[in-house]
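K.L.:
Sharing a structure, written as structure tokens. Questions coming.
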Amino acid sequence: MVSSDQRRRQLAREKFERQQQRREDARRRTRRLTVVIASAVAVVAVIGGATYFATSGDDDKDSKADAAASQSPSASPSPSASEKTVPEPAMKIDKKSKYTMSLKTSQGDIAFEMDAAKTPHTTNSFKSLADKKFFDGTKCHRLTTDGIFVLQCGDPKGDGTGGPGYTIPDENLTALGKAGADGTVTYPAGTVAMANTGQAHTGGSQFFLVYKDSKLPPSYTPFGTMDKDSLKAVEAIGKAGVTGGGADGAPTKAVNISKAAVDKA
């Protein structure tokens with residue numbers, strides 16, 4: 001017999017998958033609309049006219065639904081909306097080495113180790129971004145305290161839609177074992193993994209820190225492990241809860257990243 005807690009978690013995961021798909025569908029419609037508008041503007045320019053274009057109807061509804069979904073309880077890490085407009089950074093790391101990413105935040109230092117042998121693309125990307133100070137001045141914009149237990153960071157926009165302008169491939173997806181009957185694996189407390197759009201190979205710069213064992217589909221690249229002190233710092237953020245008392249949203253304890261660095265361990 002399925003317990004009420006198991007059922008609640010199952011419903012939360014199913015809701016997350018629907019939200020992810022709705023976000024992706026909305027983005028595809030927006031991209032198509034952008035192409036249509038650009039073409040129309042070009043035609044108007046040729047004939048010497050001028051006009052304005054506005055979107056409404058289903059696109060507005062999708063935008064509102066997407067905004068509501070991003071604040072829903074038990075939602076999983078929201079995706080990066082970055083488009084693939086620039087190439088992935090050239091591989092410059094030593095694939096045989098381990099690297100440590102250190103974050104100086106308003107809630108204390110947070111550090112985690114990355115194994116380049118298992119996640120070379122992810123490690124190389126984070127090294128490249130940190131060297132460019134991409135993460136400096138950003139914030140961890142999302143905390144989830146029910147169903148799954150994660151703190152999400154890495155978005156330069158701070159609203160769950162930002163990214164570096166490129167995507168990286170999924171890696172190390174079998175590291176946490178085979179999915180169970182419910183389609184999930186356990187991401188242990190201390191794990192650091194990539195957020196994505198719900199589609200394969202769509203990771204950007206957003207990542208999430210797991211502060212309590214969480215069951216999720218094995219589709220989020222696990223690429224780092226926090227040390228004990230860092231896990232305690234994130235646990236304290238989780239314990240303080242979400243602004244407004246919900247289960248998913250901005251953390252009550254604001255987590256602002258002043259500096260990020262990646263060095264060989």
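Here's how to read the names in the structure tokens: chain A, B, ... by the order shown, residue numbers from 1 in each chain, ligand numbers from 1 in the order shown.
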Hey, could you make a per-residue contact list for stretch 139-244 of chain A against stretch 108-113 of chain A with 10 Å as the cut-off, showing the nearest pair of atoms and its distance in Å to one decimal, counting only C-alpha atoms, sorted by chain and number, as JSON lines?

P.N.:
```
{"residue": "A:Gly190", "atom": "CA", "partner": "A:Phe112", "partner_atom": "CA", "distance": 8.5}
{"residue": "A:Thr191", "atom": "CA", "partner": "A:Phe112", "partner_atom": "CA", "distance": 8.7}
{"residue": "A:Val192", "atom": "CA", "partner": "A:Phe112", "partner_atom": "CA", "distance": 7.6}
{"residue": "A:Leu209", "atom": "CA", "partner": "A:Phe112", "partner_atom": "CA", "distance": 9.6}
{"residue": "A:Phe223", "atom": "CA", "partner": "A:Glu113", "partner_atom": "CA", "distance": 8.2}
{"residue": "A:Gly224", "atom": "CA", "partner": "A:Glu113", "partner_atom": "CA", "distance": 5.2}
{"residue": "A:Thr225", "atom": "CA", "partner": "A:Phe112", "partner_atom": "CA", "distance": 5.0}
{"residue": "A:Met226", "atom": "CA", "partner": "A:Phe112", "partner_atom": "CA", "distance": 4.0}
{"residue": "A:Asp227", "atom": "CA", "partner": "A:Phe112", "partner_atom": "CA", "distance": 6.1}
{"residue": "A:Lys228", "atom": "CA", "partner": "A:Ala111", "partner_atom": "CA", "distance": 9.4}
{"residue": "A:Asp229", "atom": "CA", "partner": "A:Ile110", "partner_atom": "CA", "distance": 7.7}
{"residue": "A:Ser230", "atom": "CA", "partner": "A:Ile110", "partner_atom": "CA", "distance": 4.6}
{"residue": "A:Leu231", "atom": "CA", "partner": "A:Ile110", "partner_atom": "CA", "distance": 7.7}
{"residue": "A:Lys232", "atom": "CA", "partner": "A:Ile110", "partner_atom": "CA", "distance": 9.3}
{"residue": "A:Ala233", "atom": "CA", "partner": "A:Gly108", "partner_atom": "CA", "distance": 6.7}
{"residue": "A:Val234", "atom": "CA", "partner": "A:Ile110", "partner_atom": "CA", "distance": 7.9}
```

K.L.:
Identify, with DSSP run on backbone atoms, the residues in stretch 104-240 of chain A assigned to alpha helix (DSSP H), and express the list as a VMD selection string.

P.N.:
chain A and resid 120 to 131 228 to 240

K.L.:
Enumerate, in order of chain and increasing residue number, the residues of stretch 83-123 of chain A with an atom no farther than 9 Å from stretch 152-176 of chain A, each with its shortest atom pair and distance in Å to one decimal, counting only C-alpha atoms, as CSV.

P.N.:
```
residue,atom,partner,partner_atom,distance
A:Glu83,CA,A:Gly165,CA,5.4
A:Lys84,CA,A:Tyr166,CA,4.2
A:Thr85,CA,A:Gly165,CA,5.4
A:Val86,CA,A:Tyr166,CA,5.4
A:Pro87,CA,A:Tyr166,CA,6.0
A:Glu88,CA,A:Tyr166,CA,5.8
A:Pro89,CA,A:Tyr166,CA,8.8
A:Lys118,CA,A:Asn172,CA,6.1
A:Thr119,CA,A:Glu171,CA,5.7
A:Pro120,CA,A:Glu171,CA,8.3
A:His121,CA,A:Ile168,CA,6.6
A:Thr122,CA,A:Ile168,CA,6.9
```

K.L.:
Please return, as a list in words, all residues of stretch 140-172 of chain A that DSSP assigns to strand (DSSP E) on the basis of the backbone.

P.N.:
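In stretch 140-172 of chain A, DSSP puts these residues in strand (DSSP E): Arg142, Leu143, Thr144, Thr145, Asp146, Ile148, Phe149, Val150, Leu151, Gln152 and Cys153 of chain A.
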
K.L.:
Take the residues just selected and output them with all heavy atoms as a PDB file, in the first residue's frame.

P.N.:
```
ATOM      1  N   ARG A 142      16.117  30.391  -5.299  1.00  0.00           N
ATOM      2  CA  ARG A 142      14.993  29.496  -5.045  1.00  0.00           C
ATOM      3  C   ARG A 142      15.312  28.441  -3.987  1.00  0.00           C
ATOM      4  O   ARG A 142      16.352  27.794  -4.033  1.00  0.00           O
ATOM      5  CB  ARG A 142      14.599  28.800  -6.342  1.00  0.00           C
ATOM      6  CG  ARG A 142      13.307  28.020  -6.261  1.00  0.00           C
ATOM      7  CD  ARG A 142      12.945  27.452  -7.607  1.00  0.00           C
ATOM      8  NE  ARG A 142      11.571  26.962  -7.615  1.00  0.00           N
ATOM      9  CZ  ARG A 142      10.997  26.373  -8.660  1.00  0.00           C
ATOM     10  NH1 ARG A 142      11.680  26.222  -9.773  1.00  0.00           N
ATOM     11  NH2 ARG A 142       9.752  25.954  -8.597  1.00  0.00           N
ATOM     12  N   LEU A 143      14.389  28.276  -3.053  1.00  0.00           N
ATOM     13  CA  LEU A 143      14.498  27.260  -2.020  1.00  0.00           C
ATOM     14  C   LEU A 143      13.220  26.419  -2.049  1.00  0.00           C
ATOM     15  O   LEU A 143      12.120  26.962  -2.159  1.00  0.00           O
ATOM     16  CB  LEU A 143      14.643  27.918  -0.640  1.00  0.00           C
ATOM     17  CG  LEU A 143      14.705  26.970   0.558  1.00  0.00           C
ATOM     18  CD1 LEU A 143      16.024  26.209   0.576  1.00  0.00           C
ATOM     19  CD2 LEU A 143      14.529  27.753   1.868  1.00  0.00           C
ATOM     20  N   THR A 144      13.397  25.099  -1.990  1.00  0.00           N
ATOM     21  CA  THR A 144      12.244  24.202  -1.939  1.00  0.00           C
ATOM     22  C   THR A 144      12.336  23.381  -0.662  1.00  0.00           C
ATOM     23  O   THR A 144      13.376  22.791  -0.369  1.00  0.00           O
ATOM     24  CB  THR A 144      12.211  23.277  -3.172  1.00  0.00           C
ATOM     25  OG1 THR A 144      12.228  24.067  -4.355  1.00  0.00           O
ATOM     26  CG2 THR A 144      10.950  22.430  -3.185  1.00  0.00           C
ATOM     27  N   THR A 145      11.237  23.341   0.096  1.00  0.00           N
ATOM     28  CA  THR A 145      11.261  22.719   1.425  1.00  0.00           C
ATOM     29  C   THR A 145      10.233  21.612   1.604  1.00  0.00           C
ATOM     30  O   THR A 145       9.995  21.161   2.714  1.00  0.00           O
ATOM     31  CB  THR A 145      11.016  23.787   2.506  1.00  0.00           C
ATOM     32  OG1 THR A 145       9.703  24.372   2.302  1.00  0.00           O
ATOM     33  CG2 THR A 145      12.062  24.886   2.454  1.00  0.00           C
ATOM     34  N   ASP A 146       9.617  21.165   0.510  1.00  0.00           N
ATOM     35  CA  ASP A 146       8.627  20.100   0.614  1.00  0.00           C
ATOM     36  C   ASP A 146       8.700  19.246  -0.640  1.00  0.00           C
ATOM     37  O   ASP A 146       8.795  19.762  -1.742  1.00  0.00           O
ATOM     38  CB  ASP A 146       7.219  20.693   0.766  1.00  0.00           C
ATOM     39  CG  ASP A 146       6.171  19.624   1.050  1.00  0.00           C
ATOM     40  OD1 ASP A 146       6.538  18.570   1.595  1.00  0.00           O
ATOM     41  OD2 ASP A 146       4.993  19.836   0.718  1.00  0.00           O
ATOM     42  N   ILE A 148      10.926  17.861  -2.318  1.00  0.00           N
ATOM     43  CA  ILE A 148      12.376  17.828  -2.480  1.00  0.00           C
ATOM     44  C   ILE A 148      12.958  18.962  -1.644  1.00  0.00           C
ATOM     45  O   ILE A 148      12.236  19.892  -1.264  1.00  0.00           O
ATOM     46  CB  ILE A 148      12.812  17.952  -3.958  1.00  0.00           C
ATOM     47  CG1 ILE A 148      12.360  19.294  -4.532  1.00  0.00           C
ATOM     48  CG2 ILE A 148      12.291  16.801  -4.786  1.00  0.00           C
ATOM     49  CD1 ILE A 148      12.961  19.589  -5.890  1.00  0.00           C
ATOM     50  N   PHE A 149      14.263  18.892  -1.395  1.00  0.00           N
ATOM     51  CA  PHE A 149      14.877  19.839  -0.464  1.00  0.00           C
ATOM     52  C   PHE A 149      16.154  20.385  -1.078  1.00  0.00           C
ATOM     53  O   PHE A 149      17.235  19.810  -0.924  1.00  0.00           O
ATOM     54  CB  PHE A 149      15.146  19.133   0.868  1.00  0.00           C
ATOM     55  CG  PHE A 149      13.916  18.452   1.419  1.00  0.00           C
ATOM     56  CD1 PHE A 149      13.629  17.134   1.077  1.00  0.00           C
ATOM     57  CD2 PHE A 149      13.024  19.141   2.229  1.00  0.00           C
ATOM     58  CE1 PHE A 149      12.484  16.508   1.549  1.00  0.00           C
ATOM     59  CE2 PHE A 149      11.879  18.527   2.709  1.00  0.00           C
ATOM     60  CZ  PHE A 149      11.604  17.205   2.365  1.00  0.00           C
ATOM     61  N   VAL A 150      16.005  21.490  -1.797  1.00  0.00           N
ATOM     62  CA  VAL A 150      17.131  22.028  -2.557  1.00  0.00           C
ATOM     63  C   VAL A 150      17.176  23.551  -2.504  1.00  0.00           C
ATOM     64  O   VAL A 150      16.152  24.218  -2.324  1.00  0.00           O
ATOM     65  CB  VAL A 150      17.062  21.592  -4.044  1.00  0.00           C
ATOM     66  CG1 VAL A 150      17.040  20.078  -4.172  1.00  0.00           C
ATOM     67  CG2 VAL A 150      15.848  22.197  -4.752  1.00  0.00           C
ATOM     68  N   LEU A 151      18.382  24.075  -2.678  1.00  0.00           N
ATOM     69  CA  LEU A 151      18.613  25.508  -2.832  1.00  0.00           C
ATOM     70  C   LEU A 151      19.192  25.699  -4.218  1.00  0.00           C
ATOM     71  O   LEU A 151      20.207  25.088  -4.565  1.00  0.00           O
ATOM     72  CB  LEU A 151      19.596  26.016  -1.776  1.00  0.00           C
ATOM     73  CG  LEU A 151      20.018  27.495  -1.897  1.00  0.00           C
ATOM     74  CD1 LEU A 151      18.839  28.420  -1.607  1.00  0.00           C
ATOM     75  CD2 LEU A 151      21.181  27.794  -0.950  1.00  0.00           C
ATOM     76  N   GLN A 152      18.569  26.526  -5.028  1.00  0.00           N
ATOM     77  CA  GLN A 152      18.987  26.702  -6.419  1.00  0.00           C
ATOM     78  C   GLN A 152      19.711  28.027  -6.625  1.00  0.00           C
ATOM     79  O   GLN A 152      19.263  29.074  -6.157  1.00  0.00           O
ATOM     80  CB  GLN A 152      17.778  26.615  -7.351  1.00  0.00           C
ATOM     81  CG  GLN A 152      18.167  26.585  -8.824  1.00  0.00           C
ATOM     82  CD  GLN A 152      16.984  26.258  -9.701  1.00  0.00           C
ATOM     83  OE1 GLN A 152      16.058  25.573  -9.272  1.00  0.00           O
ATOM     84  NE2 GLN A 152      16.988  26.732 -10.931  1.00  0.00           N
ATOM     85  N   CYS A 153      20.810  27.964  -7.347  1.00  0.00           N
ATOM     86  CA  CYS A 153      21.675  29.128  -7.567  1.00  0.00           C
ATOM     87  C   CYS A 153      22.126  29.164  -9.035  1.00  0.00           C
ATOM     88  O   CYS A 153      21.755  28.314  -9.834  1.00  0.00           O
ATOM     89  CB  CYS A 153      22.914  29.062  -6.671  1.00  0.00           C
ATOM     90  SG  CYS A 153      22.618  28.591  -4.943  1.00  0.00           S
TER      91      CYS A 153
END
```

K.L.:
Could you state the separation of atom CA of A:Ala116 and atom CA of A:Ile93 in Å, given to one decimal place?

P.N.:
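Separating atom CA of A:Ala116 from atom CA of A:Ile93 is a distance of 7.8 Å.
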
K.L.:
Extract, using only C-alpha atoms, all DNA, RNA and protein residues at most 7 Å from A:Lys259, discarding same-chain residues fewer than 3 positions from it, and format them as a PDB file with all heavy atoms, in the first residue's frame.

P.N.:
```pdb
ATOM      1  N   LEU A 103      32.183  29.261  -2.888  1.00  0.00           N
ATOM      2  CA  LEU A 103      31.257  30.388  -2.982  1.00  0.00           C
ATOM      3  C   LEU A 103      31.292  31.175  -1.675  1.00  0.00           C
ATOM      4  O   LEU A 103      31.070  30.608  -0.602  1.00  0.00           O
ATOM      5  CB  LEU A 103      29.831  29.896  -3.227  1.00  0.00           C
ATOM      6  CG  LEU A 103      29.586  28.987  -4.431  1.00  0.00           C
ATOM      7  CD1 LEU A 103      28.158  28.462  -4.412  1.00  0.00           C
ATOM      8  CD2 LEU A 103      29.862  29.723  -5.732  1.00  0.00           C
ATOM      9  N   LYS A 104      31.574  32.451  -1.766  1.00  0.00           N
ATOM     10  CA  LYS A 104      31.468  33.330  -0.603  1.00  0.00           C
ATOM     11  C   LYS A 104      30.076  33.951  -0.640  1.00  0.00           C
ATOM     12  O   LYS A 104      29.745  34.678  -1.570  1.00  0.00           O
ATOM     13  CB  LYS A 104      32.553  34.404  -0.640  1.00  0.00           C
ATOM     14  CG  LYS A 104      33.966  33.861  -0.391  1.00  0.00           C
ATOM     15  CD  LYS A 104      34.980  34.983  -0.231  1.00  0.00           C
ATOM     16  CE  LYS A 104      36.362  34.439   0.073  1.00  0.00           C
ATOM     17  NZ  LYS A 104      36.382  33.678   1.358  1.00  0.00           N
ATOM     18  N   PHE A 135      29.454  34.310 -11.725  1.00  0.00           N
ATOM     19  CA  PHE A 135      28.591  34.085 -10.564  1.00  0.00           C
ATOM     20  C   PHE A 135      28.680  35.195  -9.519  1.00  0.00           C
ATOM     21  O   PHE A 135      27.829  35.275  -8.632  1.00  0.00           O
ATOM     22  CB  PHE A 135      28.955  32.752  -9.894  1.00  0.00           C
ATOM     23  CG  PHE A 135      28.759  31.555 -10.786  1.00  0.00           C
ATOM     24  CD1 PHE A 135      29.846  30.918 -11.363  1.00  0.00           C
ATOM     25  CD2 PHE A 135      27.487  31.072 -11.050  1.00  0.00           C
ATOM     26  CE1 PHE A 135      29.671  29.799 -12.180  1.00  0.00           C
ATOM     27  CE2 PHE A 135      27.295  29.961 -11.865  1.00  0.00           C
ATOM     28  CZ  PHE A 135      28.390  29.329 -12.435  1.00  0.00           C
ATOM     29  N   ASP A 136      29.702  36.042  -9.619  1.00  0.00           N
ATOM     30  CA  ASP A 136      29.872  37.108  -8.632  1.00  0.00           C
ATOM     31  C   ASP A 136      28.701  38.088  -8.707  1.00  0.00           C
ATOM     32  O   ASP A 136      28.315  38.558  -9.790  1.00  0.00           O
ATOM     33  CB  ASP A 136      31.178  37.861  -8.878  1.00  0.00           C
ATOM     34  CG  ASP A 136      32.409  36.985  -8.671  1.00  0.00           C
ATOM     35  OD1 ASP A 136      32.245  35.770  -8.435  1.00  0.00           O
ATOM     36  OD2 ASP A 136      33.532  37.509  -8.770  1.00  0.00           O
TER      37      ASP A 136
END
```

K.L.:
Could you tell me how far atom CA of A:Asp213 lies from atom CA of A:Ala236, in Å and to one decimal?

P.N.:
15.1 Å
